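For reference, final-v2.txt is printed below; it contains compact mmCIF, C-alpha atoms.
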```txt
# COMPACT_ATOMS: atom_id res chain seq x y z
CA MET B 277 22.46 -57.24 34.80
CA ILE B 278 25.82 -58.79 33.84
CA TYR B 279 25.63 -61.73 36.27
CA ALA B 280 21.93 -62.29 35.66
CA LYS B 281 22.57 -62.38 31.90
CA TYR B 282 25.23 -65.08 32.25
CA ALA B 283 23.10 -67.07 34.69
CA TYR B 284 20.10 -66.90 32.36
CA GLU B 285 21.81 -67.43 28.99
CA LYS B 286 24.71 -69.73 29.91
CA MET B 287 23.43 -71.70 32.91
CA ASN B 288 19.69 -71.88 32.15
CA ALA B 289 18.81 -70.20 35.46
CA GLY B 290 15.39 -68.65 35.92
CA ILE B 291 15.22 -64.97 36.89
CA VAL B 292 12.03 -64.64 38.94
CA ALA B 293 12.07 -61.01 40.12
CA VAL B 294 13.78 -57.65 39.65
CA VAL B 295 14.22 -54.84 42.18
CA ASP B 296 15.46 -51.46 40.97
CA ILE B 297 14.60 -47.85 41.70
CA SER B 298 14.88 -47.05 37.98
CA PRO B 299 11.72 -47.76 35.95
CA GLU B 300 13.86 -47.96 32.79
CA LYS B 301 16.12 -50.64 34.25
CA ARG B 302 13.22 -52.63 35.71
CA ALA B 303 11.52 -52.64 32.33
CA ALA B 304 14.71 -53.74 30.58
CA ALA B 305 15.21 -56.64 33.00
CA ALA B 306 11.57 -57.67 32.81
CA SER B 307 11.72 -57.73 29.02
CA ALA B 308 15.00 -59.66 28.92
CA TYR B 309 13.97 -62.35 31.40
CA GLY B 310 10.20 -62.52 31.09
CA ILE B 311 9.51 -61.22 34.59
CA PRO B 312 5.79 -60.61 35.27
CA ASP B 313 4.47 -57.28 36.55
CA ASP B 314 3.84 -58.58 40.07
CA MET B 315 7.51 -59.55 40.45
CA GLN B 316 8.92 -56.13 39.57
CA PHE B 317 9.72 -53.94 42.59
CA ASP B 318 11.03 -50.43 43.15
CA ASN B 319 12.26 -51.23 46.67
CA ALA B 320 13.79 -54.23 48.43
CA ASP B 321 11.38 -54.20 51.39
CA ASP B 322 8.38 -55.10 49.22
CA PHE B 323 10.34 -57.91 47.59
CA TYR B 324 11.45 -59.39 50.93
CA LYS B 325 7.83 -59.37 52.16
CA LEU B 326 7.19 -62.23 49.73
CA GLY B 327 9.43 -64.51 51.76
CA LYS B 328 11.85 -66.82 49.99
CA VAL B 329 10.81 -67.13 46.34
CA ALA B 330 14.11 -68.22 44.77
CA ASP B 331 17.32 -70.04 45.57
CA ALA B 332 19.54 -66.97 45.56
CA VAL B 333 19.67 -63.21 45.09
CA ILE B 334 22.17 -61.00 43.28
CA ILE B 335 22.76 -57.80 45.24
CA ALA B 336 24.42 -55.10 43.14
CA THR B 337 23.06 -51.95 44.76
CA MET B 338 25.16 -48.98 45.85
CA ASP B 339 27.91 -49.65 48.37
CA ARG B 340 26.25 -48.07 51.39
CA ASP B 341 23.00 -49.94 50.71
CA HIS B 342 24.54 -53.41 50.84
CA PHE B 343 24.15 -53.95 54.58
CA ARG B 344 20.44 -53.14 54.69
CA HIS B 345 19.79 -55.28 51.61
CA VAL B 346 21.96 -58.24 52.61
CA MET B 347 20.82 -58.78 56.19
CA PRO B 348 17.13 -59.50 55.36
CA ALA B 349 18.25 -61.81 52.54
CA ILE B 350 20.37 -63.80 54.98
CA GLU B 351 17.46 -64.11 57.42
CA LEU B 352 15.33 -65.50 54.59
CA LYS B 353 18.19 -67.97 53.92
CA TYR B 354 18.93 -66.76 50.43
CA ASP B 355 22.38 -67.59 49.12
CA ILE B 356 23.86 -64.32 47.85
CA LEU B 357 26.06 -63.12 44.99
CA LEU B 358 27.22 -59.78 46.40
CA GLU B 359 28.87 -57.00 44.45
CA LYS B 360 32.03 -55.62 46.01
CA PRO B 361 32.67 -53.97 48.32
CA ILE B 362 30.79 -56.01 50.90
CA SER B 363 30.29 -52.68 52.69
CA PRO B 364 32.38 -49.50 53.08
CA ASP B 365 31.98 -49.97 56.86
CA ILE B 366 34.34 -52.68 58.11
CA ASN B 367 32.08 -53.42 61.10
CA GLU B 368 29.17 -54.05 58.71
CA CYS B 369 31.40 -56.42 56.72
CA LEU B 370 32.12 -58.42 59.84
CA GLN B 371 28.46 -58.43 60.90
CA ILE B 372 27.41 -59.74 57.49
CA ARG B 373 29.94 -62.57 57.70
CA LYS B 374 28.86 -63.47 61.23
CA ARG B 375 25.16 -63.55 60.31
CA ALA B 376 25.85 -65.62 57.19
CA HIS B 377 27.58 -68.24 59.35
CA GLU B 378 24.70 -68.25 61.83
CA TYR B 379 22.13 -68.93 59.09
CA GLY B 380 24.28 -71.27 57.00
CA VAL B 381 24.11 -68.98 53.96
CA LYS B 382 26.66 -68.88 51.15
CA ILE B 383 27.86 -65.40 50.21
CA VAL B 384 30.13 -65.07 47.19
CA VAL B 385 31.70 -61.63 46.73
CA CYS B 386 32.23 -60.40 43.17
CA HIS B 387 36.03 -60.42 43.28
CA VAL B 388 36.05 -61.35 39.62
CA LEU B 389 39.81 -60.98 39.13
CA ARG B 390 40.38 -64.27 40.97
CA TYR B 391 38.46 -65.95 38.16
CA THR B 392 40.35 -64.46 35.22
CA ARG B 393 42.75 -66.69 33.35
CA PHE B 394 45.38 -63.94 33.64
CA PHE B 395 45.59 -63.97 37.44
CA SER B 396 44.73 -67.67 37.71
CA THR B 397 47.76 -68.46 35.55
CA ILE B 398 50.04 -66.29 37.69
CA LYS B 399 48.71 -68.02 40.82
CA LYS B 400 49.34 -71.44 39.28
CA ILE B 401 52.96 -70.57 38.44
CA ILE B 402 53.58 -69.25 41.95
CA ASP B 403 52.04 -72.31 43.60
CA SER B 404 54.09 -74.65 41.38
CA GLY B 405 57.29 -73.44 43.06
CA GLU B 406 59.00 -73.18 39.66
CA ILE B 407 60.82 -69.96 40.57
CA GLY B 408 60.78 -70.25 44.36
CA LYS B 409 58.81 -68.36 46.97
CA VAL B 410 57.38 -64.88 46.42
CA VAL B 411 59.60 -62.13 47.88
CA THR B 412 57.95 -58.89 46.71
CA ILE B 413 55.32 -57.64 44.22
CA GLN B 414 54.85 -54.47 42.20
CA HIS B 415 51.23 -54.04 41.14
CA ALA B 416 49.42 -51.19 39.38
CA GLU B 417 45.82 -50.45 38.48
CA ASN B 418 45.69 -48.05 35.55
CA VAL B 419 42.11 -46.82 35.74
CA GLY B 420 42.00 -44.96 32.43
CA ASN B 421 41.33 -41.22 32.44
CA PHE B 422 37.94 -41.66 30.71
CA HIS B 423 36.89 -44.37 33.20
CA MET B 424 38.02 -42.17 36.08
CA ALA B 425 35.96 -39.29 34.72
CA HIS B 426 32.93 -41.49 34.13
CA SER B 427 32.75 -43.50 37.36
CA PHE B 428 34.73 -41.56 39.95
CA VAL B 429 34.25 -37.92 38.95
CA ARG B 430 30.78 -37.72 37.38
CA GLY B 431 29.38 -41.09 38.38
CA ASN B 432 28.06 -43.15 41.27
CA TRP B 433 31.40 -43.53 43.08
CA ARG B 434 32.60 -39.93 42.86
CA ASN B 435 32.04 -39.07 46.52
CA SER B 436 33.16 -41.27 49.41
CA ASP B 437 30.50 -39.76 51.69
CA GLU B 438 27.87 -41.33 49.43
CA SER B 439 29.67 -44.51 48.35
CA SER B 440 33.22 -45.60 49.28
CA PRO B 441 36.81 -44.38 49.05
CA ILE B 442 38.23 -45.45 45.69
CA ILE B 443 40.74 -47.79 47.36
CA MET B 444 37.76 -49.70 48.78
CA GLN B 445 35.32 -49.44 45.88
CA LYS B 446 37.73 -50.00 42.99
CA SER B 447 40.85 -51.48 44.44
CA CYS B 448 39.60 -53.96 47.01
CA HIS B 449 39.92 -56.10 43.83
CA ASP B 450 43.66 -55.48 43.90
CA MET B 451 44.03 -55.95 47.64
CA ASP B 452 42.26 -59.28 47.18
CA ILE B 453 44.53 -60.37 44.33
CA LEU B 454 47.68 -59.48 46.26
CA GLN B 455 46.52 -61.36 49.35
CA TRP B 456 45.52 -64.36 47.21
CA LEU B 457 48.84 -64.52 45.36
CA VAL B 458 50.87 -64.09 48.56
CA ASP B 459 48.67 -66.53 50.51
CA SER B 460 49.08 -64.68 53.78
CA GLU B 461 47.18 -62.23 55.93
CA CYS B 462 48.31 -58.61 55.89
CA GLU B 463 50.42 -57.28 58.76
CA MET B 464 50.71 -53.53 58.11
CA VAL B 465 49.89 -50.86 55.52
CA SER B 466 50.93 -47.32 54.67
CA SER B 467 49.32 -45.21 51.95
CA PHE B 468 49.55 -41.78 50.33
CA GLY B 469 47.44 -40.07 47.70
CA GLY B 470 44.78 -37.52 46.96
CA LEU B 471 42.65 -35.70 44.42
CA SER B 472 45.21 -33.98 42.21
CA TYR B 473 43.68 -33.21 38.82
CA PHE B 474 39.89 -33.28 38.75
CA ARG B 475 39.53 -30.06 40.71
CA LYS B 476 37.88 -26.68 40.07
CA GLU B 477 41.20 -24.84 39.78
CA ASN B 478 42.13 -27.01 36.78
CA ALA B 479 39.01 -26.15 34.78
CA PRO B 480 39.81 -24.59 31.37
CA GLU B 481 39.36 -20.84 31.24
CA GLY B 482 35.89 -19.96 30.01
CA SER B 483 34.40 -23.40 30.73
CA THR B 484 30.85 -23.81 31.99
CA ASP B 485 29.27 -26.29 34.39
CA ARG B 486 27.91 -28.54 31.63
CA CYS B 487 29.44 -29.85 28.42
CA LEU B 488 26.63 -29.21 25.94
CA ASP B 489 26.75 -25.46 26.41
CA CYS B 490 30.48 -25.12 27.06
CA PRO B 491 32.31 -22.76 24.66
CA VAL B 492 35.63 -24.60 25.11
CA ALA B 493 34.26 -28.14 24.70
CA ALA B 494 35.94 -28.58 21.31
CA ASN B 495 39.36 -28.53 22.98
CA CYS B 496 38.43 -30.69 26.00
CA ARG B 497 38.86 -34.47 25.87
CA PHE B 498 36.30 -34.85 28.67
CA ASP B 499 33.50 -33.28 26.62
CA GLY B 500 30.52 -35.58 27.09
CA ARG B 501 29.89 -35.79 23.36
CA LYS B 502 33.42 -37.07 22.76
CA ALA B 503 33.19 -39.50 25.67
CA TYR B 504 29.84 -41.11 24.85
CA MET B 505 28.46 -40.39 21.38
CA PRO B 506 31.02 -42.50 19.41
CA ILE B 507 30.35 -45.55 21.63
CA ARG B 508 26.55 -45.59 21.69
CA GLY B 509 25.33 -49.03 22.73
CA GLU B 510 28.60 -49.86 24.51
CA TRP B 511 29.92 -49.35 28.01
CA PRO B 512 30.01 -46.76 29.50
CA ALA B 513 27.46 -45.01 27.24
CA VAL B 514 24.85 -47.61 28.22
CA VAL B 515 25.08 -46.41 31.83
CA LEU B 516 23.63 -43.01 30.93
CA THR B 517 20.26 -44.18 29.61
CA GLU B 518 18.44 -47.18 28.17
CA ASP B 519 17.73 -45.00 25.11
CA GLN B 520 20.99 -45.26 23.14
CA SER B 521 19.81 -43.20 20.20
CA GLU B 522 21.64 -39.95 19.50
CA GLU B 523 18.66 -38.03 20.87
CA GLY B 524 18.51 -40.22 23.98
CA LEU B 525 22.17 -39.72 24.81
CA LEU B 526 22.02 -35.98 24.20
CA LYS B 527 19.04 -35.76 26.57
CA ALA B 528 20.98 -37.69 29.22
CA LEU B 529 23.99 -35.39 28.81
CA ARG B 530 21.77 -32.33 28.99
CA GLU B 531 19.87 -33.43 32.12
CA GLY B 532 21.95 -36.06 33.91
CA PRO B 533 25.19 -36.19 35.91
CA TYR B 534 27.37 -37.40 33.03
CA GLY B 535 27.06 -34.10 31.16
CA ARG B 536 28.74 -32.16 33.97
CA CYS B 537 32.18 -30.61 33.70
CA VAL B 538 34.69 -33.00 35.28
CA PHE B 539 36.41 -30.09 36.99
CA LYS B 540 33.21 -28.80 38.61
CA CYS B 541 31.60 -31.89 40.17
CA ASP B 542 31.15 -32.82 43.82
CA ASN B 543 33.81 -35.54 43.62
CA ASN B 544 36.24 -36.09 46.49
CA VAL B 545 37.85 -39.51 45.89
CA CYS B 546 41.54 -39.86 45.04
CA ASP B 547 42.65 -39.83 41.44
CA GLN B 548 46.05 -41.24 42.48
CA GLN B 549 47.11 -43.34 45.46
CA VAL B 550 50.10 -45.49 46.37
CA THR B 551 50.00 -48.19 49.05
CA ASN B 552 52.79 -50.20 50.68
CA ILE B 553 51.96 -53.53 52.25
CA ARG B 554 53.75 -56.06 54.43
CA PHE B 555 52.25 -59.51 54.87
CA LYS B 556 52.64 -61.79 57.88
CA ASN B 557 54.85 -64.19 55.92
CA GLY B 558 57.36 -61.38 55.22
CA VAL B 559 56.35 -60.67 51.60
CA THR B 560 56.10 -56.99 50.68
CA ALA B 561 54.03 -55.35 47.95
CA SER B 562 53.52 -51.93 46.44
CA PHE B 563 50.24 -50.95 44.80
CA HIS B 564 49.82 -47.91 42.56
CA LEU B 565 46.39 -46.65 41.50
CA SER B 566 46.21 -43.91 38.87
CA GLY B 567 43.22 -42.31 37.20
CA LEU B 568 45.49 -40.55 34.73
CA THR B 569 46.35 -43.27 32.23
CA ASN B 570 45.36 -43.69 28.60
CA LYS B 571 43.79 -47.13 28.89
CA MET B 572 42.31 -49.41 31.51
CA HIS B 573 44.62 -52.25 32.45
CA ARG B 574 46.56 -53.81 35.30
CA THR B 575 50.25 -54.58 35.36
CA ILE B 576 52.05 -56.83 37.83
CA LYS B 577 55.58 -58.02 38.51
CA VAL B 578 55.99 -60.85 41.00
CA MET B 579 59.62 -61.22 42.10
CA CYS B 580 60.47 -64.61 43.56
CA GLU B 581 63.64 -66.24 44.86
CA ASN B 582 64.76 -67.64 41.51
CA GLY B 583 62.88 -65.64 38.91
CA ASP B 584 60.01 -63.28 38.25
CA ILE B 585 56.63 -63.12 36.53
CA TYR B 586 55.57 -60.05 34.58
CA GLY B 587 52.15 -59.46 33.08
CA ASP B 588 49.87 -56.83 31.61
CA ASP B 589 46.25 -57.97 31.56
CA ALA B 590 45.70 -56.01 28.33
CA GLU B 591 48.03 -58.49 26.61
CA ASP B 592 47.44 -62.18 25.83
CA PHE B 593 50.58 -63.47 27.52
CA ILE B 594 52.70 -63.25 30.65
CA THR B 595 56.49 -63.57 30.86
CA VAL B 596 58.31 -65.92 33.23
CA THR B 597 62.04 -65.25 33.68
CA HIS B 598 64.57 -67.44 35.50
CA TYR B 599 67.34 -65.25 36.90
CA SER B 600 70.73 -65.33 35.16
CA ALA B 601 74.18 -65.66 36.72
CA ASN B 602 75.55 -62.48 35.13
CA ALA B 603 74.63 -59.44 33.06
CA MET B 604 75.71 -60.99 29.76
CA TYR B 605 73.24 -63.87 30.01
CA GLU B 606 69.54 -63.10 29.67
CA GLY B 607 68.46 -66.18 31.56
CA GLU B 608 65.67 -68.54 30.67
CA VAL B 609 62.64 -66.53 29.48
CA ARG B 610 59.35 -67.95 28.29
CA ARG B 611 55.96 -66.59 27.35
CA VAL B 612 52.81 -68.15 28.72
CA THR B 613 49.79 -67.54 26.48
CA ILE B 614 46.60 -66.35 28.17
CA ASP B 615 43.41 -67.39 26.40
CA ASN B 616 41.00 -64.79 27.76
CA GLU B 617 37.28 -65.53 27.66
CA GLU B 618 34.29 -63.44 26.68
CA GLY B 619 32.97 -60.48 28.58
CA PHE B 620 34.28 -57.97 31.08
CA HIS B 621 37.37 -58.57 33.22
CA GLY B 622 38.82 -61.13 30.83
CA GLY B 623 36.00 -63.59 31.42
CA GLY B 624 36.10 -63.20 35.20
CA ASP B 625 32.44 -62.13 35.42
CA TYR B 626 31.34 -65.25 33.55
CA ARG B 627 33.50 -67.68 35.52
CA LEU B 628 32.38 -66.13 38.82
CA THR B 629 28.73 -66.62 37.85
CA VAL B 630 29.37 -70.25 36.92
CA ASP B 631 31.15 -70.87 40.23
CA PHE B 632 28.27 -69.33 42.19
CA LEU B 633 25.59 -71.35 40.42
CA ASN B 634 27.60 -74.56 40.78
CA ALA B 635 27.85 -73.86 44.51
CA LEU B 636 24.05 -73.54 44.68
CA GLN B 637 23.60 -76.91 42.99
CA ASN B 638 26.29 -78.67 45.00
CA LYS B 639 26.09 -77.65 48.64
CA GLU B 640 29.01 -79.91 49.53
CA GLN B 641 31.52 -78.41 47.11
CA GLU B 642 34.59 -76.73 48.58
CA GLU B 643 34.50 -73.09 49.57
CA SER B 644 34.10 -70.65 46.70
CA ARG B 645 37.23 -68.91 45.44
CA SER B 646 35.72 -65.57 46.52
CA SER B 647 33.60 -66.55 49.50
CA ILE B 648 32.96 -63.88 52.09
CA ASP B 649 35.47 -65.51 54.44
CA ARG B 650 38.19 -65.21 51.81
CA SER B 651 37.12 -61.69 50.77
CA ILE B 652 37.10 -60.00 54.17
CA GLU B 653 40.89 -59.60 54.24
CA SER B 654 40.92 -57.38 51.16
CA HIS B 655 38.41 -55.06 52.79
CA LEU B 656 40.51 -54.82 55.95
CA MET B 657 43.51 -53.93 53.77
CA ALA B 658 41.60 -51.27 51.83
CA TYR B 659 40.15 -49.82 55.02
CA ALA B 660 43.65 -49.70 56.54
CA ALA B 661 45.07 -48.02 53.42
CA GLU B 662 42.48 -45.24 53.54
CA LYS B 663 42.98 -44.82 57.27
CA SER B 664 46.74 -44.50 56.69
CA ARG B 665 46.27 -42.04 53.82
CA ILE B 666 44.13 -39.75 55.96
CA SER B 667 46.18 -40.04 59.16
CA GLY B 668 49.66 -40.19 57.63
CA LYS B 669 50.48 -43.15 59.87
CA VAL B 670 51.29 -46.81 59.34
CA VAL B 671 48.28 -48.97 60.24
CA GLU B 672 48.74 -52.38 61.85
CA LEU B 673 46.04 -54.83 60.83
CA GLU B 674 45.86 -56.57 64.20
CA ASP B 675 44.53 -53.31 65.64
CA LEU B 676 41.62 -53.56 63.17
CA ARG B 677 41.04 -57.26 63.71
```
Would you give me this structure, written as structure tokens?
Amino acid sequence: MIYAKYAYEKMNAGIVAVVDISPEKRAAAASAYGIPDDMQFDNADDFYKLGKVADAVIIATMDRDHFRHVMPAIELKYDILLEKPISPDINECLQIRKRAHEYGVKIVVCHVLRYTRFFSTIKKIIDSGEIGKVVTIQHAENVGNFHMAHSFVRGNWRNSDESSPIIMQKSCHDMDILQWLVDSECEMVSSFGGLSYFRKENAPEGSTDRCLDCPVAANCRFDGRKAYMPIRGEWPAVVLTEDQSEEGLLKALREGPYGRCVFKCDNNVCDQQVTNIRFKNGVTASFHLSGLTNKMHRTIKVMCENGDIYGDDAEDFITVTHYSANAMYEGEVRRVTIDNEEGFHGGGDYRLTVDFLNALQNKEQEESRSSIDRSIESHLMAYAAEKSRISGKVVELEDLR
């Protein structure tokens, strides 16, 4: 509901229908946006039978459902705001793009990091040429151990057979940012990683399958009560249930997936992965994903011919350094203040929504910053990284193209 909320509250857009398999979530959306009973649906097929009843649709279903939900929307000529990944299947990604072109439909992919002031500022400095051309980049996504446990061990994206590999689901964001900053297609990728920590053999002695009846919960930081009860009404507690009372959360922990022991789930996605990338213009990059960090943030160091840019998106500044002539001289160093906006992803969600709605109102405006054409490359890179991780071989992108 994040994008719908911004569209409704900030851009005065009308929300005419809701489709969700959860009665709780349908009711919440209907209440928030005044959606009548006959425009609330528990499946997409019944909604699409109405024909085209709005200017656009927001599709934020599970990864493997995107293809079957997007294709009918295209044929009805809906413009689409599509949650990433486009699809875990690279052939489906390409089919969606092809069909969108055939029907003249705009698809904007929710690569929200392109819209943050943090990464936009870094892009602006690079494009200015102030410190020369980009030579190499070190980039890291620090997932946060509690976020890893919530989303990728207990939650919807825990199992790649049901959703996507984590490099596709979570880090196609990062592949997209790297490709955008470098301004070149990817040439080849190698990747290594695996599921190291959230495994049965690491479960504390005496632990049970669920937190609420676990005798060692008091000494476990992943105890569901520690993870969710202190943050009732906030993310990620709000994911568990619409009822954010103490009783409501305890019921969700007792009956739902988020009360399971993190060492005894059916998760199979990596909790750590490193990826090496070479772009066609000769720039190289390393990307490090880790689910074992204390907080959620991204760090990046862009090394150029005459200086470098360093940033941590948890801070409100980035540092630009001009290289010195010797070790005694620090060189010219300056801080660039980042004025982050409201909401998740440093305001990226909000700015993405504004861009999408502006595109609907002005059909002649230039291509969206995260159009499907611009977003496909990140998916190819993520797909190649996972293929390399599994096979142990370097993957050349032309083979995929």
Minimum-distance residue to Ile614 (chain B), chosen among B:Thr551, B:Thr392, B:Thr484, B:Ser667 (using only C-alpha atoms)
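Smallest separation from Ile614 (chain B) among the options: B:Thr392.
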Of the listed residues B:Arg530, B:Gln548, B:Ala513, B:Ser404, that which approaches Phe474 (chain B) most closely, counting all atoms listed in the file
B:Gln548
Taking only residues of region 329-431 of chain B that have an atom at most 10 Å from an atom of region 288-296 of chain B, what is each one's shortest atom pair and its distance in Å to one decimal, using only C-alpha atoms, in chain and number order, as a Markdown table?
```
| residue | atom | partner | partner_atom | distance |
| --- | --- | --- | --- | --- |
| B:Val329 | CA | B:Val292 | CA | 7.9 |
| B:Ala330 | CA | B:Val292 | CA | 7.2 |
| B:Asp331 | CA | B:Gly290 | CA | 9.9 |
| B:Ala332 | CA | B:Ile291 | CA | 9.9 |
| B:Val333 | CA | B:Ala293 | CA | 9.3 |
| B:Ile334 | CA | B:Val294 | CA | 9.7 |
| B:Ile335 | CA | B:Val295 | CA | 9.5 |
| B:Ala336 | CA | B:Asp296 | CA | 9.9 |
| B:Thr337 | CA | B:Asp296 | CA | 8.5 |
```
Spatial neighbours of region 645-658 of chain B, max dist 7 Å, all atoms listed in the file, sep filter under 6 positions, as a PDB file with C-alpha atoms, keeping the file's coordinate frame:
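Generated output (selection.pdb):
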```
ATOM      1  CA  ILE B 366      34.340 -52.680  58.110  1.00  0.00           C
ATOM      2  CA  ARG B 373      29.940 -62.570  57.700  1.00  0.00           C
ATOM      3  CA  ILE B 383      27.860 -65.400  50.210  1.00  0.00           C
ATOM      4  CA  VAL B 384      30.130 -65.070  47.190  1.00  0.00           C
ATOM      5  CA  VAL B 385      31.700 -61.630  46.730  1.00  0.00           C
ATOM      6  CA  HIS B 387      36.030 -60.420  43.280  1.00  0.00           C
ATOM      7  CA  ILE B 443      40.740 -47.790  47.360  1.00  0.00           C
ATOM      8  CA  MET B 444      37.760 -49.700  48.780  1.00  0.00           C
ATOM      9  CA  CYS B 448      39.600 -53.960  47.010  1.00  0.00           C
ATOM     10  CA  MET B 451      44.030 -55.950  47.640  1.00  0.00           C
ATOM     11  CA  ASP B 452      42.260 -59.280  47.180  1.00  0.00           C
TER      12      ASP B 452
END
```
Report the distance between CA of Gly583 (chain B) and CA of Ile407 (chain B) in Å, rounded to one decimal place.
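CA of Gly583 (chain B) sits 5.1 Å away from CA of Ile407 (chain B).
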Could you give me, as a PyMOL selection string, the residues within 7 Å of Tyr379 (chain B), counting only C-alpha atoms and dropping anything in the same chain fewer than 2 positions from it?
chain B and resi 350-351+353+375-377+381
At a cut-off of 10 Å, using all atoms listed in the file, what residues contact region 297-303 of chain B? Leave out same-chain residues fewer than 2 positions from it and give the result as a CSV table (one decimal) with C-alpha atoms, keeping the file's coordinate frame.
```csv
chain,number,residue,atom,x,y,z
B,277,MET,CA,22.5,-57.2,34.8
B,293,ALA,CA,12.1,-61.0,40.1
B,294,VAL,CA,13.8,-57.6,39.6
B,295,VAL,CA,14.2,-54.8,42.2
B,305,ALA,CA,15.2,-56.6,33.0
B,306,ALA,CA,11.6,-57.7,32.8
B,307,SER,CA,11.7,-57.7,29.0
B,308,ALA,CA,15.0,-59.7,28.9
B,311,ILE,CA,9.5,-61.2,34.6
B,313,ASP,CA,4.5,-57.3,36.6
B,316,GLN,CA,8.9,-56.1,39.6
B,317,PHE,CA,9.7,-53.9,42.6
B,318,ASP,CA,11.0,-50.4,43.2
B,319,ASN,CA,12.3,-51.2,46.7
B,320,ALA,CA,13.8,-54.2,48.4
B,337,THR,CA,23.1,-52.0,44.8
B,517,THR,CA,20.3,-44.2,29.6
B,518,GLU,CA,18.4,-47.2,28.2
B,519,ASP,CA,17.7,-45.0,25.1
```
Hey, what's within 9 Å of Pro480 (chain B) if we count all atoms listed in the file and toss same-chain stuff fewer than 6 positions away? As number ranges by chain, please?
B: 492, 496, 539
Rank nothing, just name the residue among B:Gln455, B:Thr629, B:Ser396, B:Ser467 nearest to Ser644 (chain B), using all atoms listed in the file.
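That would be B:Thr629, the residue with the smallest distance to Ser644 (chain B).
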Within 9 Å of (50.6, -68.3, 48.9) in the file's own coordinates, which protein, DNA or RNA residues have an atom, counting all atoms listed in the file? List them as a PyMOL selection string.
chain B and resi 399+402-403+409-410+455-460
Let's have the selection written as a PDB file, in the coordinates of the input, with C-alpha atoms.
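Written out: result.pdb:
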```pdb
ATOM      1  CA  LYS B 399      48.710 -68.020  40.820  1.00  0.00           C
ATOM      2  CA  ILE B 402      53.580 -69.250  41.950  1.00  0.00           C
ATOM      3  CA  ASP B 403      52.040 -72.310  43.600  1.00  0.00           C
ATOM      4  CA  LYS B 409      58.810 -68.360  46.970  1.00  0.00           C
ATOM      5  CA  VAL B 410      57.380 -64.880  46.420  1.00  0.00           C
ATOM      6  CA  GLN B 455      46.520 -61.360  49.350  1.00  0.00           C
ATOM      7  CA  TRP B 456      45.520 -64.360  47.210  1.00  0.00           C
ATOM      8  CA  LEU B 457      48.840 -64.520  45.360  1.00  0.00           C
ATOM      9  CA  VAL B 458      50.870 -64.090  48.560  1.00  0.00           C
ATOM     10  CA  ASP B 459      48.670 -66.530  50.510  1.00  0.00           C
ATOM     11  CA  SER B 460      49.080 -64.680  53.780  1.00  0.00           C
TER      12      SER B 460
END
```
For Ser440 (chain B), which of B:Val609, B:Val671, B:Ala280, B:Met338 is the closest residue, counting all atoms listed in the file?
B:Met338
